[in-house]
$ cat model_6.cif   # mmCIF, C-alpha atoms
data_data
#
loop_
_atom_site.label_atom_id
_atom_site.label_comp_id
_atom_site.auth_asym_id
_atom_site.auth_seq_id
_atom_site.Cartn_x
_atom_site.Cartn_y
_atom_site.Cartn_z
CA MET C 1 0.00 0.00 0.00
CA LYS C 2 2.77 2.33 1.05
CA ARG C 3 4.70 1.37 -2.08
CA ASN C 4 1.66 2.05 -4.27
CA ALA C 5 1.21 5.46 -2.69
CA ARG C 6 4.84 6.26 -3.38
CA ALA C 7 4.52 5.14 -7.01
CA LEU C 8 1.39 7.25 -7.36
CA LEU C 9 3.16 10.27 -5.92
CA ALA C 10 6.11 9.75 -8.27
CA GLY C 11 3.69 9.48 -11.19
CA GLY C 12 2.00 12.67 -10.10
CA LEU C 13 5.29 14.50 -9.88
CA LEU C 14 6.21 13.30 -13.37
CA LEU C 15 2.93 14.64 -14.67
CA LEU C 16 3.55 18.00 -13.00
CA ALA C 17 7.00 18.15 -14.55
CA ALA C 18 5.51 17.51 -17.96
CA ILE C 19 3.24 20.57 -17.83
CA PRO C 20 5.21 23.68 -18.76
CA ALA C 21 5.38 26.28 -16.03
CA LEU C 22 4.28 29.16 -18.20
CA ALA C 23 5.93 32.40 -17.27
CA HIS C 24 4.04 34.36 -19.88
CA HIS C 25 0.48 33.76 -20.78
CA SER C 26 0.43 34.30 -24.46
CA PHE C 27 2.42 31.07 -24.83
CA SER C 28 -0.98 29.51 -25.40
CA ALA C 29 -1.85 31.90 -28.23
CA GLU C 30 0.81 30.14 -30.30
CA TYR C 31 1.69 26.81 -28.70
CA ASP C 32 -0.29 23.87 -27.39
CA SER C 33 0.81 22.75 -23.92
CA THR C 34 -1.03 19.44 -24.50
CA LYS C 35 1.18 18.67 -27.50
CA PRO C 36 4.71 18.06 -26.23
CA ILE C 37 7.17 16.90 -28.87
CA LYS C 38 10.61 15.31 -28.74
CA LEU C 39 12.76 15.78 -31.84
CA THR C 40 16.11 14.18 -32.60
CA GLY C 41 17.99 15.47 -35.59
CA THR C 42 20.73 17.69 -36.94
CA VAL C 43 20.91 21.46 -36.54
CA SER C 44 20.87 23.01 -40.03
CA LYS C 45 20.69 26.71 -39.12
CA VAL C 46 20.85 28.99 -36.06
CA GLU C 47 19.34 32.50 -36.05
CA TRP C 48 20.67 34.45 -33.04
CA MET C 49 18.26 37.34 -33.53
CA ASN C 50 15.50 39.35 -31.86
CA PRO C 51 12.84 38.99 -30.69
CA HIS C 52 13.58 35.26 -30.15
CA ILE C 53 16.31 32.99 -31.38
CA TYR C 54 15.34 30.29 -33.88
CA TYR C 55 17.19 27.14 -34.78
CA TYR C 56 16.26 24.57 -37.38
CA VAL C 57 16.46 20.85 -36.82
CA ASP C 58 16.37 18.34 -39.69
CA VAL C 59 14.64 15.15 -38.55
CA LYS C 60 14.82 12.01 -40.69
CA ASP C 61 11.97 9.50 -40.43
CA GLU C 62 12.25 5.70 -40.93
CA ALA C 63 11.66 6.07 -44.68
CA GLY C 64 14.54 8.53 -44.89
CA LYS C 65 12.32 11.55 -45.48
CA VAL C 66 13.72 14.72 -43.87
CA THR C 67 11.42 17.24 -42.15
CA THR C 68 12.78 20.55 -40.93
CA PHE C 69 11.36 21.90 -37.67
CA ALA C 70 11.71 25.58 -36.76
CA VAL C 71 12.40 25.74 -33.03
CA GLU C 72 11.88 28.97 -31.11
CA GLY C 73 14.10 29.65 -28.11
CA GLY C 74 14.51 32.48 -25.63
CA THR C 75 15.43 36.06 -26.42
CA PRO C 76 19.09 36.49 -27.39
CA ASN C 77 19.63 39.00 -24.57
CA GLN C 78 18.27 36.66 -21.89
CA LEU C 79 20.34 33.77 -23.21
CA TYR C 80 23.45 35.96 -23.37
CA ARG C 81 22.93 37.00 -19.75
CA GLN C 82 22.68 33.34 -18.80
CA GLY C 83 26.10 32.78 -20.37
CA TRP C 84 25.02 31.31 -23.71
CA ARG C 85 26.61 32.61 -26.87
CA LYS C 86 25.62 32.67 -30.54
CA ASP C 87 27.84 29.63 -31.19
CA SER C 88 26.69 27.62 -28.17
CA LEU C 89 24.54 25.63 -30.59
CA ARG C 90 26.25 24.92 -33.92
CA VAL C 91 25.21 23.82 -37.39
CA GLY C 92 25.82 20.07 -37.61
CA ASP C 93 25.15 19.44 -33.90
CA ARG C 94 23.17 16.25 -33.38
CA VAL C 95 20.52 17.25 -30.82
CA THR C 96 17.39 16.17 -29.04
CA VAL C 97 14.87 18.95 -28.45
CA ASN C 98 12.00 18.81 -25.97
CA GLY C 99 9.30 21.32 -26.72
CA TYR C 100 5.71 22.06 -27.63
CA ARG C 101 4.04 22.16 -31.04
CA ALA C 102 2.36 25.22 -32.52
CA LYS C 103 -1.45 25.16 -32.42
CA ASN C 104 -1.73 25.87 -36.15
CA GLY C 105 -0.16 22.54 -37.14
CA SER C 106 2.97 24.03 -38.69
CA ASN C 107 6.39 22.53 -38.00
CA THR C 108 7.07 25.26 -35.48
CA VAL C 109 8.08 24.23 -31.98
CA ASN C 110 8.70 26.12 -28.74
CA GLY C 111 11.89 24.49 -27.52
CA ARG C 112 12.30 24.00 -23.78
CA ASN C 113 15.75 22.47 -23.88
CA VAL C 114 18.31 21.14 -26.32
CA ILE C 115 20.35 18.06 -25.40
CA LEU C 116 23.65 17.19 -27.09
CA PRO C 117 24.71 13.55 -27.57
CA ASP C 118 27.01 13.77 -24.51
CA GLY C 119 24.00 14.71 -22.36
CA SER C 120 24.92 18.35 -21.87
CA LYS C 121 22.15 20.89 -22.31
CA VAL C 122 22.28 24.03 -24.46
CA PHE C 123 19.98 27.05 -24.11
CA ALA C 124 18.50 25.41 -21.02
CA GLY C 125 17.76 28.44 -18.88
CA SER C 126 16.47 27.98 -15.39
CA ALA C 127 15.17 30.08 -12.54
CA ASP C 128 18.58 29.87 -10.92
CA ASP C 129 20.47 31.50 -13.76
CA GLY C 130 19.77 34.93 -12.30
CA GLY C 131 19.66 37.01 -15.47
CA PRO C 132 16.69 39.17 -16.41
CA GLY C 133 13.79 37.00 -17.48
CA ALA C 134 15.65 33.90 -16.38
CA GLU C 135 12.64 32.62 -14.50
CA SER C 136 11.06 32.12 -17.89
CA GLY C 137 14.14 30.26 -19.19
CA GLY C 138 14.10 27.48 -21.68
CA GLY C 139 12.74 29.75 -24.34
CA ARG C 140 9.21 29.86 -23.02
CA THR C 141 9.03 33.58 -22.63
CA ARG C 142 6.54 35.22 -24.93
CA GLU C 143 7.29 38.79 -23.99
CA ARG C 144 9.43 40.75 -26.29
CA MET V 145 60.80 4.25 -9.84
CA SER V 146 62.19 7.65 -9.02
CA LYS V 147 60.22 10.17 -7.02
CA ARG V 148 60.53 12.58 -9.92
CA LEU V 149 59.05 10.14 -12.43
CA LEU V 150 56.20 9.41 -10.03
CA MET V 151 55.51 13.12 -9.75
CA VAL V 152 55.48 13.56 -13.54
CA MET V 153 53.13 10.59 -13.86
CA ALA V 154 50.83 12.10 -11.21
CA VAL V 155 50.72 15.42 -13.05
CA VAL V 156 49.96 13.71 -16.39
CA ALA V 157 47.25 11.59 -14.76
CA ALA V 158 45.67 14.68 -13.17
CA ALA V 159 45.63 16.48 -16.53
CA TRP V 160 44.13 13.39 -18.17
CA ALA V 161 41.35 13.26 -15.58
CA GLN V 162 40.25 16.88 -16.23
CA PRO V 163 36.91 16.97 -18.06
CA ALA V 164 37.16 18.26 -21.62
CA ALA V 165 36.85 22.04 -21.52
CA THR V 166 33.52 23.15 -22.94
CA SER V 167 33.37 26.37 -24.91
CA ARG V 168 29.58 26.30 -25.15
CA LYS V 169 29.09 28.71 -22.24
CA ALA V 170 30.94 31.96 -21.59
CA PRO V 171 33.20 32.21 -18.53
CA PRO V 172 31.91 34.30 -15.58
CA LYS V 173 32.28 38.05 -16.05
CA PRO V 174 35.01 39.84 -14.10
CA LYS V 175 34.04 42.45 -11.50
CA PRO V 176 32.78 45.53 -13.35
CA HIS V 177 34.72 48.80 -13.44
CA GLY V 178 32.94 52.10 -14.01
CA ALA V 179 30.42 54.46 -12.44
CA TRP V 180 29.02 53.70 -8.95
CA TRP V 181 25.60 52.98 -10.43
CA TYR V 182 27.22 50.38 -12.71
CA THR V 183 29.43 48.69 -10.11
CA GLY V 184 26.86 48.79 -7.30
CA ASP V 185 29.31 50.63 -5.04
CA ALA V 186 28.18 53.38 -2.67
CA PRO V 187 27.41 56.67 -4.45
CA PRO V 188 29.79 59.56 -3.72
CA ALA V 189 29.00 61.37 -0.44
CA THR V 190 28.82 64.66 -2.36
CA LEU V 191 25.73 63.44 -4.25
CA GLY V 192 23.32 64.58 -1.54
CA ALA V 193 19.84 63.81 -2.94
CA PRO V 194 18.91 60.22 -3.90
CA ASP V 195 19.85 59.27 -7.45
CA LEU V 196 17.89 56.50 -9.20
CA THR V 197 20.36 56.28 -12.08
CA GLY V 198 21.23 52.70 -13.00
CA VAL V 199 20.06 49.54 -14.74
CA TRP V 200 17.11 47.86 -12.99
CA PHE V 201 15.19 44.63 -13.36
CA GLY V 202 12.24 43.16 -11.46
CA ARG V 203 9.84 40.33 -12.06
CA THR V 204 7.86 40.27 -15.29
CA SER V 205 4.27 41.50 -15.46
CA ALA V 206 2.24 38.33 -15.10
CA ASP V 207 -0.81 39.80 -13.31
CA ILE V 208 -0.77 43.15 -11.45
CA SER V 209 -3.92 42.22 -9.48
CA LYS V 210 -1.57 39.91 -7.50
CA ASP V 211 0.82 42.77 -6.64
CA THR V 212 -1.72 44.91 -4.74
CA LEU V 213 -1.08 46.27 -1.25
CA PRO V 214 -3.39 45.15 1.61
CA GLY V 215 -6.87 46.72 1.23
CA GLN V 216 -5.97 47.90 -2.26
CA GLU V 217 -7.35 45.05 -4.33
CA MET V 218 -8.30 45.51 -7.97
CA ILE V 219 -12.09 45.43 -8.51
CA LEU V 220 -13.22 45.36 -12.14
CA THR V 221 -16.34 47.21 -13.28
CA PRO V 222 -18.87 45.00 -15.18
CA TYR V 223 -17.41 46.44 -18.40
CA GLY V 224 -13.85 45.83 -17.14
CA LYS V 225 -14.74 42.22 -16.30
CA MET V 226 -16.29 41.65 -19.71
CA ARG V 227 -13.10 42.96 -21.34
CA TYR V 228 -10.86 40.83 -19.11
CA ASP V 229 -12.93 37.69 -19.76
CA THR V 230 -12.78 38.14 -23.53
CA VAL V 231 -9.38 39.76 -24.08
CA ASP V 232 -7.56 38.03 -26.96
CA HIS V 233 -4.02 37.04 -25.95
CA ALA V 234 -3.10 36.79 -29.62
CA LYS V 235 -3.53 40.59 -29.68
CA ASP V 236 -1.11 41.46 -26.86
CA PRO V 237 0.50 44.73 -28.03
CA SER V 238 3.85 43.32 -26.88
CA THR V 239 3.56 40.55 -29.46
CA TYR V 240 3.23 43.20 -32.16
CA CYS V 241 6.33 45.01 -30.92
CA LEU V 242 4.35 48.05 -29.74
CA PRO V 243 5.58 50.08 -26.75
CA ALA V 244 4.67 48.51 -23.40
CA GLY V 245 3.35 51.71 -21.80
CA PRO V 246 4.64 53.55 -18.74
CA ALA V 247 3.85 50.91 -16.09
CA ARG V 248 4.33 47.65 -17.98
CA MET V 249 7.67 48.77 -19.40
CA MET V 250 9.12 48.34 -15.90
CA MET V 251 7.83 44.75 -15.87
CA MET V 252 9.00 43.36 -19.19
CA ALA V 253 11.48 40.51 -19.58
CA HIS V 254 14.13 43.17 -20.17
CA PRO V 255 15.94 45.56 -17.82
CA ASN V 256 15.38 49.32 -17.76
CA MET V 257 17.87 52.09 -17.34
CA ILE V 258 17.09 55.29 -15.42
CA ILE V 259 19.08 58.45 -16.05
CA GLN V 260 18.38 61.24 -13.59
CA ARG V 261 18.82 64.99 -13.92
CA PRO V 262 17.32 67.59 -11.58
CA ASP V 263 14.84 68.76 -14.24
CA VAL V 264 14.09 65.54 -16.19
CA ILE V 265 14.34 61.78 -15.67
CA ALA V 266 14.65 59.36 -18.58
CA MET V 267 13.47 55.77 -18.24
CA LEU V 268 14.93 53.66 -21.02
CA SER V 269 13.55 50.20 -21.63
CA GLU V 270 15.61 47.56 -23.35
CA SER V 271 12.28 46.18 -24.55
CA GLN V 272 12.10 47.55 -28.08
CA ARG V 273 14.53 50.29 -27.02
CA THR V 274 11.59 52.51 -26.02
CA PHE V 275 11.73 55.30 -23.45
CA ARG V 276 9.65 57.69 -21.37
CA LEU V 277 10.52 61.12 -20.00
CA ILE V 278 9.39 62.48 -16.65
CA TYR V 279 9.67 66.25 -16.43
CA LEU V 280 10.50 67.79 -13.06
CA ASP V 281 10.69 71.42 -14.14
CA GLY V 282 7.10 72.30 -13.23
CA ARG V 283 5.89 72.75 -16.83
CA GLY V 284 2.66 70.74 -16.34
CA HIS V 285 0.95 68.45 -18.86
CA PRO V 286 0.41 69.80 -22.38
CA GLU V 287 -2.99 71.54 -22.56
CA ASP V 288 -4.23 69.20 -25.28
CA ALA V 289 -2.65 66.02 -23.83
CA ALA V 290 -6.04 64.28 -23.58
CA ASP V 291 -6.66 64.85 -27.29
CA TYR V 292 -3.36 63.25 -28.26
CA PRO V 293 -2.80 60.23 -26.02
CA GLU V 294 0.61 58.58 -26.27
CA TYR V 295 1.84 55.04 -25.63
CA MET V 296 3.95 56.33 -22.71
CA GLY V 297 1.47 59.03 -21.69
CA SER V 298 2.48 62.44 -20.32
CA SER V 299 4.48 62.32 -17.08
CA MET V 300 5.26 65.11 -14.60
CA GLY V 301 7.26 64.46 -11.45
CA HIS V 302 8.49 66.03 -8.24
CA TRP V 303 10.41 64.89 -5.18
CA GLU V 304 8.75 64.39 -1.80
CA LYS V 305 11.79 63.95 0.46
CA ASP V 306 13.48 60.77 -0.86
CA THR V 307 10.55 59.67 -3.03
CA LEU V 308 10.06 60.53 -6.70
CA VAL V 309 6.34 61.12 -7.26
CA VAL V 310 5.11 60.88 -10.87
CA ASP V 311 1.72 61.85 -12.25
CA THR V 312 0.89 60.32 -15.66
CA VAL V 313 -2.14 60.98 -17.90
CA ALA V 314 -3.09 60.63 -21.59
CA ILE V 315 -1.95 57.01 -21.89
CA LYS V 316 -3.06 55.44 -25.18
CA ASP V 317 -5.76 52.85 -24.43
CA ARG V 318 -4.07 50.31 -26.70
CA THR V 319 -1.49 49.44 -24.06
CA TRP V 320 -2.02 46.61 -21.61
CA LEU V 321 -1.20 46.96 -17.93
CA ASP V 322 0.22 43.43 -17.69
CA THR V 323 0.71 40.14 -19.54
CA SER V 324 -2.48 38.76 -18.01
CA GLY V 325 -4.41 41.14 -20.28
CA HIS V 326 -5.67 43.89 -17.95
CA GLU V 327 -6.62 46.74 -20.25
CA HIS V 328 -7.51 50.36 -19.50
CA SER V 329 -9.27 53.36 -21.02
CA ASP V 330 -7.76 56.70 -21.98
CA LYS V 331 -9.19 58.00 -18.66
CA LEU V 332 -6.44 56.12 -16.80
CA LYS V 333 -4.41 58.21 -14.38
CA MET V 334 -1.30 56.68 -12.90
CA SER V 335 0.45 57.89 -9.79
CA GLU V 336 3.88 56.36 -9.22
CA ARG V 337 6.18 56.59 -6.22
CA TYR V 338 9.81 55.51 -6.66
CA ARG V 339 12.22 55.15 -3.76
CA LEU V 340 15.50 53.38 -3.09
CA ALA V 341 14.57 50.75 -0.49
CA ASP V 342 18.31 50.19 -0.25
CA ARG V 343 21.27 51.14 -2.44
CA ASN V 344 20.52 48.41 -4.98
CA THR V 345 16.73 47.98 -4.61
CA LEU V 346 14.20 50.24 -6.32
CA GLU V 347 10.70 50.28 -4.83
CA MET V 348 7.87 51.13 -7.22
CA ILE V 349 4.40 51.86 -5.83
CA VAL V 350 1.76 52.55 -8.48
CA THR V 351 -1.85 53.67 -8.07
CA TYR V 352 -4.08 53.01 -11.07
CA ASP V 353 -7.21 55.15 -11.33
CA ASP V 354 -9.54 54.35 -14.25
CA PRO V 355 -13.30 54.50 -13.51
CA VAL V 356 -14.12 52.81 -16.84
CA PHE V 357 -12.31 49.57 -15.97
CA PHE V 358 -11.91 49.64 -12.17
CA VAL V 359 -14.52 50.32 -9.44
CA LYS V 360 -11.96 52.22 -7.34
CA PRO V 361 -8.28 53.14 -7.57
CA PHE V 362 -5.92 50.36 -6.51
CA THR V 363 -2.24 50.34 -5.60
CA THR V 364 0.50 47.84 -6.40
CA LYS V 365 4.03 47.47 -5.08
CA ARG V 366 6.99 45.91 -6.86
CA LEU V 367 10.74 45.82 -6.34
CA SER V 368 13.49 45.97 -8.96
CA LYS V 369 17.13 45.07 -8.36
CA ARG V 370 20.14 46.96 -9.63
CA GLN V 371 21.74 44.93 -12.44
CA ILE V 372 25.37 45.34 -11.44
CA GLY V 373 27.67 45.15 -14.45
CA ASP V 374 24.77 44.84 -16.90
CA ARG V 375 23.72 47.22 -19.64
CA ILE V 376 20.86 47.87 -22.03
CA MET V 377 21.41 45.57 -25.01
CA ASP V 378 20.09 45.56 -28.55
CA HIS V 379 16.42 44.80 -29.12
CA ALA V 380 15.04 45.41 -32.57
CA CYS V 381 11.80 43.54 -32.00
CA MET V 382 10.83 43.09 -35.68
CA GLU V 383 14.31 41.91 -36.70
CA ASN V 384 13.31 38.27 -37.12
CA GLU V 385 9.64 38.22 -36.07
CA LYS V 386 8.08 34.82 -36.88
CA ASP V 387 5.31 34.39 -34.30
CA ILE V 388 2.49 36.63 -35.49
CA ILE V 389 1.69 34.33 -38.42
CA ASN V 390 1.24 31.39 -36.02
CA LEU V 391 -1.07 33.08 -33.50
CA VAL V 392 -4.62 31.82 -33.00
CA PRO V 393 -7.40 33.68 -31.11
CA THR V 394 -7.07 32.78 -27.41
CA LEU V 395 -9.64 34.49 -25.20
CA GLY V 396 -9.64 35.28 -21.49
CA ASP V 397 -8.61 32.48 -19.16
CA ALA V 398 -7.66 30.21 -22.09
CA GLY V 399 -4.56 32.37 -22.42
CA ARG V 400 -3.73 32.24 -18.70
CA PRO V 401 -2.27 29.32 -16.76
#

$ encode --input "model_6.cif" --output "structure tokens"
Amino acid sequence: MKRNARALLAGGLLLLAAIPALAHHSFSAEYDSTKPIKLTGTVSKVEWMNPHIYYYVDVKDEAGKVTTFAVEGGTPNQLYRQGWRKDSLRVGDRVTVNGYRAKNGSNTVNGRNVILPDGSKVFAGSADDGGPGAESGGGRTRER
Amino acid sequence: MSKRLLMVMAVVAAAWAQPAATSRKAPPKPKPHGAWWYTGDAPPATLGAPDLTGVWFGRTSADISKDTLPGQEMILTPYGKMRYDTVDHAKDPSTYCLPAGPARMMMMAHPNMIIQRPDVIAMLSESQRTFRLIYLDGRGHPEDAADYPEYMGSSMGHWEKDTLVVDTVAIKDRTWLDTSGHEHSDKLKMSERYRLADRNTLEMIVTYDDPVFFVKPFTTKRLSKRQIGDRIMDHACMENEKDIINLVPTLGDAGRP
């Protein structure tokens, strides 16, 4: 019984972790928090520009067909203040991105974190990073 | 095996064990050198009056109704409630790179810089590189201010001891007061009180008075911290704008967590 309760609690915590802690409300005007997506592919382009950075990930399916996803990240200034630089993510990097799909069905994704093959994370802001807007880290900020 | 050889082997082994240096993240910044308001050091004793000059950042503007002082809660008029319940988050002026307005600009996900003179104070927002000016020379609001509302409104200020008191009118009704989608009419009057709670903490107390949207005036309090060694960076909001095309109408609570 005790064990079941613990498993239930762990499951509950997992569920909580899966729901994005939205720092800015208009997230939901573009992205669907019920549609998480995990992409693994190769970075083909990085745009370190305002109002948000974008990077493009080419994902190959089992049939060999390549789909390019546009992934939106944080604002360049916030990321810079957290210590990230314009070459922190590089063309050719093999990455796994956890994010949320756009509501309109396009291949646009709000990226929460980017994981390199060695397990290190890029553009993974957190509340502890201290820079302005850092509490919204992970590229979820929708304010400009 | 000689002691020397052992030592060399130990040094090589230690170097081998070091994790590969990663160049993905920048090294920590050195201690800043420059003006007192940049380094966070004590201002010169000769300064006399309080000086708010510096780069400041507080929390972002999720919902100002949660920042109210005791007994100062926000009460919406029936019209104000209807607007709040049906506000479309896809139409947030911030998303369209429009100026945030005089109150919300202090609550964006960007720092602000204040530059203080005895007769005028400039508040410079990194957000879209917009600014507002607060005149302290006693000129009064322009006679026709109400006929020509502005995104930042018209602001006149004066000092009451150590507190900067600002009176703002003629704020364009297209601005939002926060990210939650609290709107206002062009009847809005804002009274702000700024004070250094300590050398590196800026206290901002704002009273919002708008009989169209709110049953009675209400007052909020927020704190901003001096951003030691930081500066206002580039922010050309339309540089690579890609979101607007993806937005879908999202009304009221559907756009709030």

$ closest_atom_pairs --input "model_6.cif" --of "chain V" --to "chain C" --cutoff "6 Å" --atoms "only C-alpha atoms" --output "CSV"
residue,atom,partner,partner_atom,distance
V:Arg168,CA,C:Ser88,CA,4.4
V:Lys169,CA,C:Trp84,CA,5.0
V:Ala170,CA,C:Gly83,CA,5.1
V:His233,CA,C:Ser26,CA,5.4
V:Ala234,CA,C:Ala29,CA,5.2
V:Ala253,CA,C:Gly133,CA,4.7
V:Cys381,CA,C:Pro51,CA,4.8
V:Glu383,CA,C:Asn50,CA,5.6
V:Asn384,CA,C:Asn50,CA,5.8
V:Asn390,CA,C:Glu30,CA,5.9
V:Leu391,CA,C:Glu30,CA,4.7
V:Val392,CA,C:Ala29,CA,5.5
V:Thr394,CA,C:Ala29,CA,5.4
V:Gly399,CA,C:Ser28,CA,5.5
V:Arg400,CA,C:His25,CA,4.9

$ write_last_selection --input "model_6.cif" --atoms "C-alpha atoms" --output "short mmCIF file (atom, residue, chain, number, x, y, z; two decimals), in the frame of the given file"
data_model
loop_
_atom_site.label_atom_id
_atom_site.label_comp_id
_atom_site.auth_asym_id
_atom_site.auth_seq_id
_atom_site.Cartn_x
_atom_site.Cartn_y
_atom_site.Cartn_z
CA ARG V 168 29.58 26.30 -25.15
CA LYS V 169 29.09 28.71 -22.24
CA ALA V 170 30.94 31.96 -21.59
CA HIS V 233 -4.02 37.04 -25.95
CA ALA V 234 -3.10 36.79 -29.62
CA ALA V 253 11.48 40.51 -19.58
CA CYS V 381 11.80 43.54 -32.00
CA GLU V 383 14.31 41.91 -36.70
CA ASN V 384 13.31 38.27 -37.12
CA ASN V 390 1.24 31.39 -36.02
CA LEU V 391 -1.07 33.08 -33.50
CA VAL V 392 -4.62 31.82 -33.00
CA THR V 394 -7.07 32.78 -27.41
CA GLY V 399 -4.56 32.37 -22.42
CA ARG V 400 -3.73 32.24 -18.70
#

$ closest_residue --input "model_6.cif" --among "V:Thr197, V:Pro293, V:Met300, V:Pro214" --to "Lys331 (chain V)" --atoms "all atoms listed in the file"
V:Pro293

$ resolve_selection --input "model_6.cif" --expression "the PyMOL selection byres ((chain V and resi 221) around 6)" --output "PyMOL selection string"
chain V and resi 220+222-224+357-359

$ resolve_selection --input "model_6.cif" --expression "the PyMOL selection byres ((chain C and resi 35-38) around 12)" --output "number ranges by chain"
C: 17-20, 28, 30-34, 39-41, 57, 59, 69, 71, 95-105, 107-115

$ axis_aligned_box --input "model_6.cif" --around "region 73-88 of chain C" --padding-each-side "8 Å" --output "lines of an AutoDock Vina configuration file"
center_x = 21.0
center_y = 33.3
center_z = -25.0
size_x = 29.7
size_y = 27.4
size_z = 28.4

$ residues_around --input "model_6.cif" --residues "Ser298 (chain V)" --least-positions-apart "4" --cutoff "7 Å" --atoms "all atoms listed in the file" --output "compact mmCIF listing (two decimals) with C-alpha atoms, in the coordinates of the input"
# COMPACT_ATOMS: atom_id res chain seq x y z
CA HIS V 285 0.95 68.45 -18.86
CA THR V 312 0.89 60.32 -15.66
CA VAL V 313 -2.14 60.98 -17.90
CA ALA V 314 -3.09 60.63 -21.59

$ residues_around --input "model_6.cif" --residues "Asn256 (chain V)" --least-positions-apart "2" --cutoff "7 Å" --atoms "all atoms listed in the file" --output "ChimeraX atom specification"
/V:199-201,250,254,258,267-270

$ write_last_selection --input "model_6.cif" --atoms "C-alpha atoms" --output "PDB file, in the coordinates of the input"
ATOM      1  CA  VAL V 199      20.060  49.540 -14.740  1.00  0.00           C
ATOM      2  CA  TRP V 200      17.110  47.860 -12.990  1.00  0.00           C
ATOM      3  CA  PHE V 201      15.190  44.630 -13.360  1.00  0.00           C
ATOM      4  CA  MET V 250       9.120  48.340 -15.900  1.00  0.00           C
ATOM      5  CA  HIS V 254      14.130  43.170 -20.170  1.00  0.00           C
ATOM      6  CA  ILE V 258      17.090  55.290 -15.420  1.00  0.00           C
ATOM      7  CA  MET V 267      13.470  55.770 -18.240  1.00  0.00           C
ATOM      8  CA  LEU V 268      14.930  53.660 -21.020  1.00  0.00           C
ATOM      9  CA  SER V 269      13.550  50.200 -21.630  1.00  0.00           C
ATOM     10  CA  GLU V 270      15.610  47.560 -23.350  1.00  0.00           C
TER      11      GLU V 270
END

$ resolve_selection --input "model_6.cif" --expression "the PyMOL selection byres ((chain V and resi 340) around 12)" --output "list in words"
Ala193, Pro194, Asp195, Leu196, Thr197, Gly198, Trp200, Lys305, Asp306, Thr307, Leu308, Arg337, Tyr338, Arg339, Ala341, Asp342, Arg343, Asn344, Thr345, Leu346, Glu347, Met348, Ile349, Arg366, Leu367, Ser368, Lys369 and Arg370 of chain V

$ atom_distance --input "model_6.cif" --atom1 "CA of Pro401 (chain V)" --atom2 "CA of Ser324 (chain V)"
9.5 Å

$ atom_distance --input "model_6.cif" --atom1 "CA of Ser44 (chain C)" --atom2 "CA of Tyr56 (chain C)"
5.5 Å

$ atom_distance --input "model_6.cif" --atom1 "CA of Phe275 (chain V)" --atom2 "CA of Thr323 (chain V)"
19.1 Å

$ closest_residue --input "model_6.cif" --among "C:Pro117, C:Leu79, C:Val91, C:Thr42" --to "Val66 (chain C)" --atoms "only C-alpha atoms"
C:Thr42

$ closest_residue --input "model_6.cif" --among "V:His379, V:Lys360, V:Arg203, V:Lys225" --to "Asp322 (chain V)" --atoms "all atoms listed in the file"
V:Arg203

$ closest_residue --input "model_6.cif" --among "V:Gly373, V:Pro255, V:Gly284, V:Pro237" --to "Gly178 (chain V)" --atoms "all atoms listed in the file"
V:Gly373

$ closest_residue --input "model_6.cif" --among "V:Gly184, V:Pro286, V:Pro262, V:Pro176" --to "Gly301 (chain V)" --atoms "all atoms listed in the file"
V:Pro262

$ closest_residue --input "model_6.cif" --among "C:Thr67, C:Tyr55, C:Leu116, C:Asp61" --to "Val43 (chain C)" --atoms "only C-alpha atoms"
C:Tyr55
